[in-house]
Amino acid sequence: RQCALEGCDSPAQGPSGLCRAHGGGHRCQQDGCGKFAQGSSGLCKAHGGGKRCQHEGCTKSAQGAWQLCKAHGGGERCQYEHGCQTPARGSTGFCRAHGGGKTCQQDSCRRFAHGATVYCKAHGGGKRCQQNSCSKPVQGATNFCRVHGGRLKCQHDGCVKSAVGNSVMCRAHGGSKRCLHEDCTKRAQGATEYCKGHGGGRRCEKAGCAKSAIGSTKYCSAHGGGRRCQHEGCHKCAQGSTPFCGAHGGGRRCQHDGCSKCAQGCTDFCKKHGGGSRCQHFGCNSSAQGKDLYCKVHGGGVKKKGIDEQVLAHASQIQDDMILSHPSDPPINYASTFANSVNPPLQEVLTLSIKLP
């Protein structure tokens with residue numbers, strides 16, 4: 001039988017005389033769901049209908065003629081020539097990483113289109129949250145976004161964030177894949193086995209740059225990747241969820257009364273008021289410089305290609321002052337004395353760089 005709707009040649013489903021596209025066939029009995037019921041269950045795949053994965057503890061839907069879900073080996077695998085075992089997307093024969101599936105039609109966007117739309121979630125694709133005035137994408141088989149109750153919540157005591165992937169924890173509490181680098185507990189990025197700091201995720205495509213690419217762009221922040229500050233004439237990177245860089249009011253602000261500077265790192269204060277990493281030298285509370293654990297006075301911020309000229313000048317001045325104030329004393333290695341108060345890697349260089357009397 002053909003669909004009873006005029007002009008439609010699709011086969012009719014069930015007693016309605018209509019094809020699936022025009023309302024025929026059995027529908028899922030879950031409230032608010034209009035998907036097709038699978039087999040005799042009366043429910044769609046998302047709500048438990050049809051064959052289920054036979055892997056122990058898994059309740060996902062089995063794929064095609066397989067008895068397993070995609071995560072446990074069911075369904076067609078990517079046909080990439082170097083042996084990729086990731087599930088193929090749609091009828092393309094390849095996984096997303098190797099070109100399978102639909103991509104977002106928004107200019108310069110490389111993300112994947114969702115559902116029956118031609119856009120990614122960020123550009124309006126996929127189902128939207130049904131909460132009044134909310135336009136965020138829904139999570140999983142729910143009709144709501146994460147903020148309005150969609151998706152499984154993290155099982156860690158007191159945490160209200162959403163669980164990640166097949167785990168019952170959010171990213172902060174151990175959900176998702178972890179970096180394989182020794183002693184690293186950060187999450188792995190994308191299809192790689194490492195975090196951003198250890199080479200995982202997409203990298204900047206600028207020749208000679210090994211930093212991480214930002215967002216859906218091809219470059220790191222230093223080479224134009226990510227969102228830019230919207231202040232006229234400014235090309236710096238926007239901070240956080242704001243449209244401006246730190247100099248023009250973007251990002252988090254220092255919580256000290258009357259201070260409007262940027263908060264540093266994961267703290268709530270600027271460097272002047274105790275924010276950011278502090279010098280590790282005993283008794284020093286100055287701000288640490290760069291990736292070092294020390295302030296400038298104690299050797300922080302020194303480049304690998306050479307020694308900071310100010311540090312050497314300081315050491316030389318100490319030696320000259322001590323010699324002038326104690327001319328009759330035997331020669332003393334004042335450079336080593338100063339070097340012991342700075343970053344240990346500088347001790348040998350400082351000792352060899354200053355001429356003793």
# chains A, B, ... in the order shown; residues from 1 in each chain; ligands from 1
call {"tool": "residues_around", "arguments": {"residues": "Glu205 in chain A", "least_positions_apart": "4", "cutoff": "12 Å", "atoms": "only C-alpha atoms", "output": "PyMOL selection string"}}
result
chain A and resi 209-214+217-225
call {"tool": "residues_around", "arguments": {"residues": "range 186-195 of chain A", "least_positions_apart": "5", "cutoff": "10 Å", "atoms": "only C-alpha atoms", "output": "count of residues only"}}
result
16
call {"tool": "select_by_dssp", "arguments": {"residues": "range 10-240 of chain A", "states": "strand (DSSP E or B)", "output": "PyMOL selection string"}}
result
chain A and resi 11+13+18+27+36+52+61+77+87+103+112+128+137+153+162+178+187+203+212+228+237
call {"tool": "write_last_selection", "arguments": {"atoms": "N, CA, C and O atoms", "output": "PDB file, in the first residue's frame"}}
result
ATOM      1  N   PRO A  11       5.563   3.871   1.239  1.00  0.00           N
ATOM      2  CA  PRO A  11       4.666   2.826   1.731  1.00  0.00           C
ATOM      3  C   PRO A  11       3.936   3.235   3.004  1.00  0.00           C
ATOM      4  O   PRO A  11       4.504   3.922   3.861  1.00  0.00           O
ATOM      5  N   GLN A  13       2.205   2.773   6.669  1.00  0.00           N
ATOM      6  CA  GLN A  13       2.587   2.055   7.870  1.00  0.00           C
ATOM      7  C   GLN A  13       1.375   1.885   8.784  1.00  0.00           C
ATOM      8  O   GLN A  13       0.725   2.869   9.158  1.00  0.00           O
ATOM      9  N   LEU A  18      -1.056   5.892   6.262  1.00  0.00           N
ATOM     10  CA  LEU A  18      -0.087   6.947   5.972  1.00  0.00           C
ATOM     11  C   LEU A  18       1.333   6.411   6.139  1.00  0.00           C
ATOM     12  O   LEU A  18       1.568   5.436   6.861  1.00  0.00           O
ATOM     13  N   ARG A  27       3.762   5.137  17.204  1.00  0.00           N
ATOM     14  CA  ARG A  27       4.581   6.187  17.804  1.00  0.00           C
ATOM     15  C   ARG A  27       4.956   5.821  19.232  1.00  0.00           C
ATOM     16  O   ARG A  27       4.283   5.024  19.897  1.00  0.00           O
ATOM     17  N   PHE A  36       9.283   7.111  16.295  1.00  0.00           N
ATOM     18  CA  PHE A  36       8.658   5.829  15.975  1.00  0.00           C
ATOM     19  C   PHE A  36       9.001   4.769  17.018  1.00  0.00           C
ATOM     20  O   PHE A  36      10.140   4.683  17.482  1.00  0.00           O
ATOM     21  N   ARG A  52      18.552  -4.058  22.712  1.00  0.00           N
ATOM     22  CA  ARG A  52      19.504  -3.352  23.562  1.00  0.00           C
ATOM     23  C   ARG A  52      20.877  -4.018  23.473  1.00  0.00           C
ATOM     24  O   ARG A  52      21.016  -5.203  23.127  1.00  0.00           O
ATOM     25  N   SER A  61      21.005   1.283  22.774  1.00  0.00           N
ATOM     26  CA  SER A  61      20.391   0.540  21.682  1.00  0.00           C
ATOM     27  C   SER A  61      21.442  -0.194  20.856  1.00  0.00           C
ATOM     28  O   SER A  61      22.502   0.352  20.542  1.00  0.00           O
ATOM     29  N   ARG A  77      32.097   0.393  11.165  1.00  0.00           N
ATOM     30  CA  ARG A  77      33.287   1.085  11.614  1.00  0.00           C
ATOM     31  C   ARG A  77      33.846   1.972  10.497  1.00  0.00           C
ATOM     32  O   ARG A  77      33.559   1.775   9.319  1.00  0.00           O
ATOM     33  N   PRO A  87      33.140   4.463  15.189  1.00  0.00           N
ATOM     34  CA  PRO A  87      31.936   4.236  14.377  1.00  0.00           C
ATOM     35  C   PRO A  87      31.823   5.205  13.206  1.00  0.00           C
ATOM     36  O   PRO A  87      32.168   6.387  13.322  1.00  0.00           O
ATOM     37  N   THR A 103      28.814  18.481   8.036  1.00  0.00           N
ATOM     38  CA  THR A 103      29.451  19.593   8.732  1.00  0.00           C
ATOM     39  C   THR A 103      28.545  20.826   8.682  1.00  0.00           C
ATOM     40  O   THR A 103      27.715  20.963   7.783  1.00  0.00           O
ATOM     41  N   PHE A 112      30.250  19.781  13.505  1.00  0.00           N
ATOM     42  CA  PHE A 112      29.335  18.864  12.830  1.00  0.00           C
ATOM     43  C   PHE A 112      27.886  19.290  12.987  1.00  0.00           C
ATOM     44  O   PHE A 112      27.473  19.770  14.042  1.00  0.00           O
ATOM     45  N   ARG A 128      16.051  22.351  20.370  1.00  0.00           N
ATOM     46  CA  ARG A 128      16.249  23.431  21.332  1.00  0.00           C
ATOM     47  C   ARG A 128      15.493  23.154  22.629  1.00  0.00           C
ATOM     48  O   ARG A 128      14.486  22.440  22.647  1.00  0.00           O
ATOM     49  N   PRO A 137      20.706  24.240  23.160  1.00  0.00           N
ATOM     50  CA  PRO A 137      20.425  22.883  22.655  1.00  0.00           C
ATOM     51  C   PRO A 137      20.051  21.924  23.774  1.00  0.00           C
ATOM     52  O   PRO A 137      20.532  22.057  24.908  1.00  0.00           O
ATOM     53  N   LYS A 153      23.010  14.166  36.019  1.00  0.00           N
ATOM     54  CA  LYS A 153      23.821  15.037  36.856  1.00  0.00           C
ATOM     55  C   LYS A 153      24.985  14.269  37.486  1.00  0.00           C
ATOM     56  O   LYS A 153      24.918  13.064  37.706  1.00  0.00           O
ATOM     57  N   SER A 162      26.629  18.612  34.935  1.00  0.00           N
ATOM     58  CA  SER A 162      26.200  17.454  34.151  1.00  0.00           C
ATOM     59  C   SER A 162      27.311  16.420  34.043  1.00  0.00           C
ATOM     60  O   SER A 162      28.491  16.758  33.934  1.00  0.00           O
ATOM     61  N   ARG A 178      40.944  10.603  30.702  1.00  0.00           N
ATOM     62  CA  ARG A 178      42.010  11.338  31.357  1.00  0.00           C
ATOM     63  C   ARG A 178      43.286  11.276  30.515  1.00  0.00           C
ATOM     64  O   ARG A 178      43.505  10.333  29.741  1.00  0.00           O
ATOM     65  N   ARG A 187      41.811  16.151  31.649  1.00  0.00           N
ATOM     66  CA  ARG A 187      41.054  15.351  30.688  1.00  0.00           C
ATOM     67  C   ARG A 187      41.720  15.389  29.311  1.00  0.00           C
ATOM     68  O   ARG A 187      42.291  16.394  28.895  1.00  0.00           O
ATOM     69  N   ARG A 203      46.056  21.459  17.156  1.00  0.00           N
ATOM     70  CA  ARG A 203      47.154  22.392  17.336  1.00  0.00           C
ATOM     71  C   ARG A 203      47.052  23.543  16.349  1.00  0.00           C
ATOM     72  O   ARG A 203      46.414  23.448  15.296  1.00  0.00           O
ATOM     73  N   SER A 212      47.866  25.096  21.333  1.00  0.00           N
ATOM     74  CA  SER A 212      46.538  24.563  21.037  1.00  0.00           C
ATOM     75  C   SER A 212      45.715  25.561  20.227  1.00  0.00           C
ATOM     76  O   SER A 212      45.760  26.775  20.475  1.00  0.00           O
ATOM     77  N   ARG A 228      37.857  37.623  19.297  1.00  0.00           N
ATOM     78  CA  ARG A 228      38.664  38.837  19.438  1.00  0.00           C
ATOM     79  C   ARG A 228      37.905  39.891  20.232  1.00  0.00           C
ATOM     80  O   ARG A 228      36.677  39.916  20.264  1.00  0.00           O
ATOM     81  N   CYS A 237      42.734  38.907  22.384  1.00  0.00           N
ATOM     82  CA  CYS A 237      41.762  37.829  22.580  1.00  0.00           C
ATOM     83  C   CYS A 237      40.747  38.222  23.646  1.00  0.00           C
ATOM     84  O   CYS A 237      41.105  38.785  24.683  1.00  0.00           O
TER      85      CYS A 237
END
call {"tool": "select_by_dssp", "arguments": {"residues": "range 120-298 of chain A", "states": "helix (DSSP H, G or I)", "output": "PyMOL selection string"}}
result
chain A and resi 121-123+171-173+196-198+221-223+246-248
call {"tool": "write_last_selection", "arguments": {"atoms": "all heavy atoms", "output": "compact mmCIF listing (two decimals), in the first residue's frame"}}
result
# COMPACT_ATOMS: atom_id res chain seq x y z
N LYS A 121 25.31 22.85 16.91
CA LYS A 121 24.52 23.36 18.04
C LYS A 121 24.76 24.84 18.29
O LYS A 121 23.84 25.59 18.61
CB LYS A 121 24.84 22.56 19.30
CG LYS A 121 24.30 21.14 19.30
CD LYS A 121 24.58 20.46 20.63
CE LYS A 121 23.97 19.05 20.66
NZ LYS A 121 24.22 18.38 21.95
N ALA A 122 26.02 25.27 18.13
CA ALA A 122 26.35 26.67 18.39
C ALA A 122 25.68 27.63 17.42
O ALA A 122 25.43 28.80 17.74
CB ALA A 122 27.87 26.86 18.34
N HIS A 123 25.33 27.16 16.22
CA HIS A 123 24.71 28.01 15.20
C HIS A 123 23.24 27.67 14.96
O HIS A 123 22.70 27.96 13.89
CB HIS A 123 25.50 27.92 13.89
CG HIS A 123 26.86 28.52 14.00
ND1 HIS A 123 28.02 27.82 13.69
CD2 HIS A 123 27.27 29.75 14.41
CE1 HIS A 123 29.07 28.61 13.89
NE2 HIS A 123 28.65 29.78 14.32
N ARG A 171 33.32 16.59 34.38
CA ARG A 171 34.74 16.63 34.03
C ARG A 171 35.62 16.94 35.22
O ARG A 171 36.70 16.38 35.38
CB ARG A 171 34.95 17.68 32.94
CG ARG A 171 34.39 17.25 31.59
CD ARG A 171 34.50 18.35 30.56
NE ARG A 171 34.03 17.90 29.26
CZ ARG A 171 33.87 18.69 28.21
NH1 ARG A 171 34.19 19.96 28.29
NH2 ARG A 171 33.43 18.20 27.07
N ALA A 172 35.16 17.84 36.10
CA ALA A 172 35.97 18.24 37.25
C ALA A 172 36.16 17.10 38.24
O ALA A 172 37.14 17.08 38.98
CB ALA A 172 35.33 19.44 37.94
N HIS A 173 35.23 16.15 38.28
CA HIS A 173 35.30 15.05 39.26
C HIS A 173 35.66 13.71 38.63
O HIS A 173 35.31 12.65 39.16
CB HIS A 173 33.97 14.96 40.02
CG HIS A 173 33.71 16.13 40.90
ND1 HIS A 173 32.55 16.89 40.82
CD2 HIS A 173 34.47 16.70 41.87
CE1 HIS A 173 32.61 17.85 41.72
NE2 HIS A 173 33.76 17.76 42.36
N LYS A 196 45.69 19.25 26.65
CA LYS A 196 46.29 20.29 25.82
C LYS A 196 47.74 20.54 26.20
O LYS A 196 48.60 20.76 25.34
CB LYS A 196 45.49 21.58 25.94
CG LYS A 196 44.13 21.54 25.27
CD LYS A 196 43.44 22.88 25.36
CE LYS A 196 42.10 22.85 24.63
NZ LYS A 196 41.40 24.16 24.69
N GLY A 197 48.04 20.51 27.50
CA GLY A 197 49.39 20.80 27.95
C GLY A 197 50.40 19.76 27.51
O GLY A 197 51.60 20.06 27.42
N HIS A 198 49.94 18.55 27.23
CA HIS A 198 50.85 17.47 26.82
C HIS A 198 50.68 17.08 25.36
O HIS A 198 50.99 15.95 24.96
CB HIS A 198 50.66 16.26 27.73
CG HIS A 198 51.10 16.50 29.13
ND1 HIS A 198 50.27 16.34 30.24
CD2 HIS A 198 52.30 16.95 29.63
CE1 HIS A 198 50.94 16.63 31.33
NE2 HIS A 198 52.16 17.01 31.00
N SER A 221 45.62 31.69 20.34
CA SER A 221 45.28 33.09 20.62
C SER A 221 46.31 34.05 20.04
O SER A 221 45.97 35.11 19.51
CB SER A 221 45.16 33.30 22.13
OG SER A 221 44.12 32.53 22.67
N ALA A 222 47.59 33.67 20.12
CA ALA A 222 48.66 34.56 19.65
C ALA A 222 48.63 34.77 18.14
O ALA A 222 49.10 35.79 17.64
CB ALA A 222 50.02 34.00 20.07
N HIS A 223 48.06 33.82 17.41
CA HIS A 223 48.04 33.91 15.95
C HIS A 223 46.64 34.15 15.38
O HIS A 223 46.36 33.79 14.23
CB HIS A 223 48.65 32.65 15.35
CG HIS A 223 50.11 32.50 15.65
ND1 HIS A 223 50.65 31.39 16.26
CD2 HIS A 223 51.15 33.36 15.46
CE1 HIS A 223 51.95 31.56 16.40
NE2 HIS A 223 52.29 32.75 15.93
N GLY A 246 41.11 41.74 28.60
CA GLY A 246 41.26 42.19 29.99
C GLY A 246 41.46 43.68 30.11
O GLY A 246 40.96 44.33 31.04
N ALA A 247 42.17 44.30 29.15
CA ALA A 247 42.45 45.73 29.21
C ALA A 247 41.20 46.58 28.99
O ALA A 247 41.13 47.73 29.43
CB ALA A 247 43.51 46.10 28.17
N HIS A 248 40.20 46.04 28.32
CA HIS A 248 38.97 46.79 28.02
C HIS A 248 37.76 46.29 28.79
O HIS A 248 36.62 46.45 28.35
CB HIS A 248 38.70 46.75 26.51
CG HIS A 248 39.73 47.48 25.72
ND1 HIS A 248 40.46 46.88 24.70
CD2 HIS A 248 40.19 48.76 25.81
CE1 HIS A 248 41.30 47.78 24.19
NE2 HIS A 248 41.16 48.91 24.84
call {"tool": "atom_distance", "arguments": {"atom1": "CA of Leu293 in chain A", "atom2": "CA of Asp268 in chain A"}}
result
19.5 Å
call {"tool": "residues_around", "arguments": {"residues": "Glu56 in chain A", "least_positions_apart": "2", "cutoff": "12 Å", "atoms": "only C-alpha atoms", "output": "PyMOL selection string"}}
result
chain A and resi 52-54+58-60+67-69+72
call {"tool": "write_last_selection", "arguments": {"atoms": "all heavy atoms", "output": "PDB file, in the first residue's frame"}}
result
ATOM      1  N   ARG A  52      18.552  -4.058  22.712  1.00  0.00           N
ATOM      2  CA  ARG A  52      19.504  -3.352  23.562  1.00  0.00           C
ATOM      3  C   ARG A  52      20.877  -4.018  23.473  1.00  0.00           C
ATOM      4  O   ARG A  52      21.016  -5.203  23.127  1.00  0.00           O
ATOM      5  CB  ARG A  52      19.057  -3.332  25.028  1.00  0.00           C
ATOM      6  CG  ARG A  52      17.610  -2.970  25.283  1.00  0.00           C
ATOM      7  CD  ARG A  52      17.148  -1.746  24.505  1.00  0.00           C
ATOM      8  NE  ARG A  52      17.737  -0.488  24.934  1.00  0.00           N
ATOM      9  CZ  ARG A  52      17.518   0.672  24.337  1.00  0.00           C
ATOM     10  NH1 ARG A  52      16.757   0.731  23.246  1.00  0.00           N
ATOM     11  NH2 ARG A  52      18.061   1.758  24.792  1.00  0.00           N
ATOM     12  N   CYS A  53      21.899  -3.254  23.781  1.00  0.00           N
ATOM     13  CA  CYS A  53      23.275  -3.746  23.765  1.00  0.00           C
ATOM     14  C   CYS A  53      23.452  -4.897  24.758  1.00  0.00           C
ATOM     15  O   CYS A  53      22.961  -4.827  25.890  1.00  0.00           O
ATOM     16  CB  CYS A  53      24.231  -2.601  24.098  1.00  0.00           C
ATOM     17  SG  CYS A  53      25.968  -3.057  24.172  1.00  0.00           S
ATOM     18  N   GLN A  54      24.171  -5.940  24.343  1.00  0.00           N
ATOM     19  CA  GLN A  54      24.369  -7.119  25.186  1.00  0.00           C
ATOM     20  C   GLN A  54      25.594  -7.002  26.089  1.00  0.00           C
ATOM     21  O   GLN A  54      25.862  -7.916  26.871  1.00  0.00           O
ATOM     22  CB  GLN A  54      24.535  -8.361  24.291  1.00  0.00           C
ATOM     23  CG  GLN A  54      23.326  -8.659  23.415  1.00  0.00           C
ATOM     24  CD  GLN A  54      22.065  -8.906  24.236  1.00  0.00           C
ATOM     25  OE1 GLN A  54      22.049  -9.760  25.109  1.00  0.00           O
ATOM     26  NE2 GLN A  54      21.008  -8.145  23.949  1.00  0.00           N
ATOM     27  N   CYS A  58      25.282  -2.250  30.078  1.00  0.00           N
ATOM     28  CA  CYS A  58      24.958  -1.224  29.079  1.00  0.00           C
ATOM     29  C   CYS A  58      23.487  -1.318  28.686  1.00  0.00           C
ATOM     30  O   CYS A  58      22.973  -2.416  28.435  1.00  0.00           O
ATOM     31  CB  CYS A  58      25.848  -1.378  27.854  1.00  0.00           C
ATOM     32  SG  CYS A  58      25.551  -0.119  26.586  1.00  0.00           S
ATOM     33  N   THR A  59      22.820  -0.182  28.617  1.00  0.00           N
ATOM     34  CA  THR A  59      21.391  -0.149  28.271  1.00  0.00           C
ATOM     35  C   THR A  59      21.128   0.588  26.961  1.00  0.00           C
ATOM     36  O   THR A  59      19.987   0.881  26.630  1.00  0.00           O
ATOM     37  CB  THR A  59      20.593   0.531  29.398  1.00  0.00           C
ATOM     38  OG1 THR A  59      21.082   1.864  29.582  1.00  0.00           O
ATOM     39  CG2 THR A  59      20.721  -0.231  30.702  1.00  0.00           C
ATOM     40  N   LYS A  60      22.175   0.861  26.205  1.00  0.00           N
ATOM     41  CA  LYS A  60      22.001   1.582  24.948  1.00  0.00           C
ATOM     42  C   LYS A  60      21.415   0.665  23.866  1.00  0.00           C
ATOM     43  O   LYS A  60      21.355  -0.555  24.023  1.00  0.00           O
ATOM     44  CB  LYS A  60      23.333   2.150  24.469  1.00  0.00           C
ATOM     45  CG  LYS A  60      23.867   3.283  25.336  1.00  0.00           C
ATOM     46  CD  LYS A  60      25.133   3.861  24.736  1.00  0.00           C
ATOM     47  CE  LYS A  60      25.626   5.040  25.553  1.00  0.00           C
ATOM     48  NZ  LYS A  60      26.860   5.631  24.984  1.00  0.00           N
ATOM     49  N   GLN A  67      24.695  -7.086  18.016  1.00  0.00           N
ATOM     50  CA  GLN A  67      24.084  -7.183  19.331  1.00  0.00           C
ATOM     51  C   GLN A  67      24.690  -6.190  20.312  1.00  0.00           C
ATOM     52  O   GLN A  67      24.480  -6.295  21.513  1.00  0.00           O
ATOM     53  CB  GLN A  67      24.274  -8.612  19.884  1.00  0.00           C
ATOM     54  CG  GLN A  67      23.642  -9.700  19.038  1.00  0.00           C
ATOM     55  CD  GLN A  67      22.129  -9.565  18.977  1.00  0.00           C
ATOM     56  OE1 GLN A  67      21.468  -9.288  19.984  1.00  0.00           O
ATOM     57  NE2 GLN A  67      21.564  -9.740  17.779  1.00  0.00           N
ATOM     58  N   LEU A  68      25.440  -5.225  19.771  1.00  0.00           N
ATOM     59  CA  LEU A  68      26.129  -4.253  20.612  1.00  0.00           C
ATOM     60  C   LEU A  68      25.848  -2.834  20.144  1.00  0.00           C
ATOM     61  O   LEU A  68      25.496  -2.604  18.985  1.00  0.00           O
ATOM     62  CB  LEU A  68      27.647  -4.505  20.576  1.00  0.00           C
ATOM     63  CG  LEU A  68      28.130  -5.886  21.049  1.00  0.00           C
ATOM     64  CD1 LEU A  68      29.610  -6.050  20.739  1.00  0.00           C
ATOM     65  CD2 LEU A  68      27.876  -6.067  22.537  1.00  0.00           C
ATOM     66  N   CYS A  69      26.022  -1.878  21.058  1.00  0.00           N
ATOM     67  CA  CYS A  69      25.883  -0.468  20.699  1.00  0.00           C
ATOM     68  C   CYS A  69      27.172  -0.002  20.024  1.00  0.00           C
ATOM     69  O   CYS A  69      28.167  -0.735  19.968  1.00  0.00           O
ATOM     70  CB  CYS A  69      25.595   0.370  21.936  1.00  0.00           C
ATOM     71  SG  CYS A  69      26.962   0.423  23.127  1.00  0.00           S
ATOM     72  N   HIS A  72      30.445  -0.165  22.121  1.00  0.00           N
ATOM     73  CA  HIS A  72      30.996  -1.486  22.428  1.00  0.00           C
ATOM     74  C   HIS A  72      31.238  -2.335  21.174  1.00  0.00           C
ATOM     75  O   HIS A  72      31.311  -3.559  21.243  1.00  0.00           O
ATOM     76  CB  HIS A  72      30.075  -2.219  23.400  1.00  0.00           C
ATOM     77  CG  HIS A  72      30.012  -1.591  24.741  1.00  0.00           C
ATOM     78  ND1 HIS A  72      28.836  -1.163  25.334  1.00  0.00           N
ATOM     79  CD2 HIS A  72      31.009  -1.250  25.617  1.00  0.00           C
ATOM     80  CE1 HIS A  72      29.101  -0.632  26.516  1.00  0.00           C
ATOM     81  NE2 HIS A  72      30.393  -0.665  26.708  1.00  0.00           N
TER      82      HIS A  72
END
call {"tool": "residues_around", "arguments": {"residues": "Gly49 in chain A", "least_positions_apart": "4", "cutoff": "12 Å", "atoms": "only C-alpha atoms", "output": "JSON, numbers by chain"}}
result
{"A": [26, 27, 28, 29, 30, 35, 36, 37, 38, 39, 40, 41, 42, 43, 44, 45, 53, 59, 60, 61, 62]}
call {"tool": "atom_distance", "arguments": {"atom1": "CA of Glu182 in chain A", "atom2": "CA of Lys161 in chain A"}}
result
27.3 Å
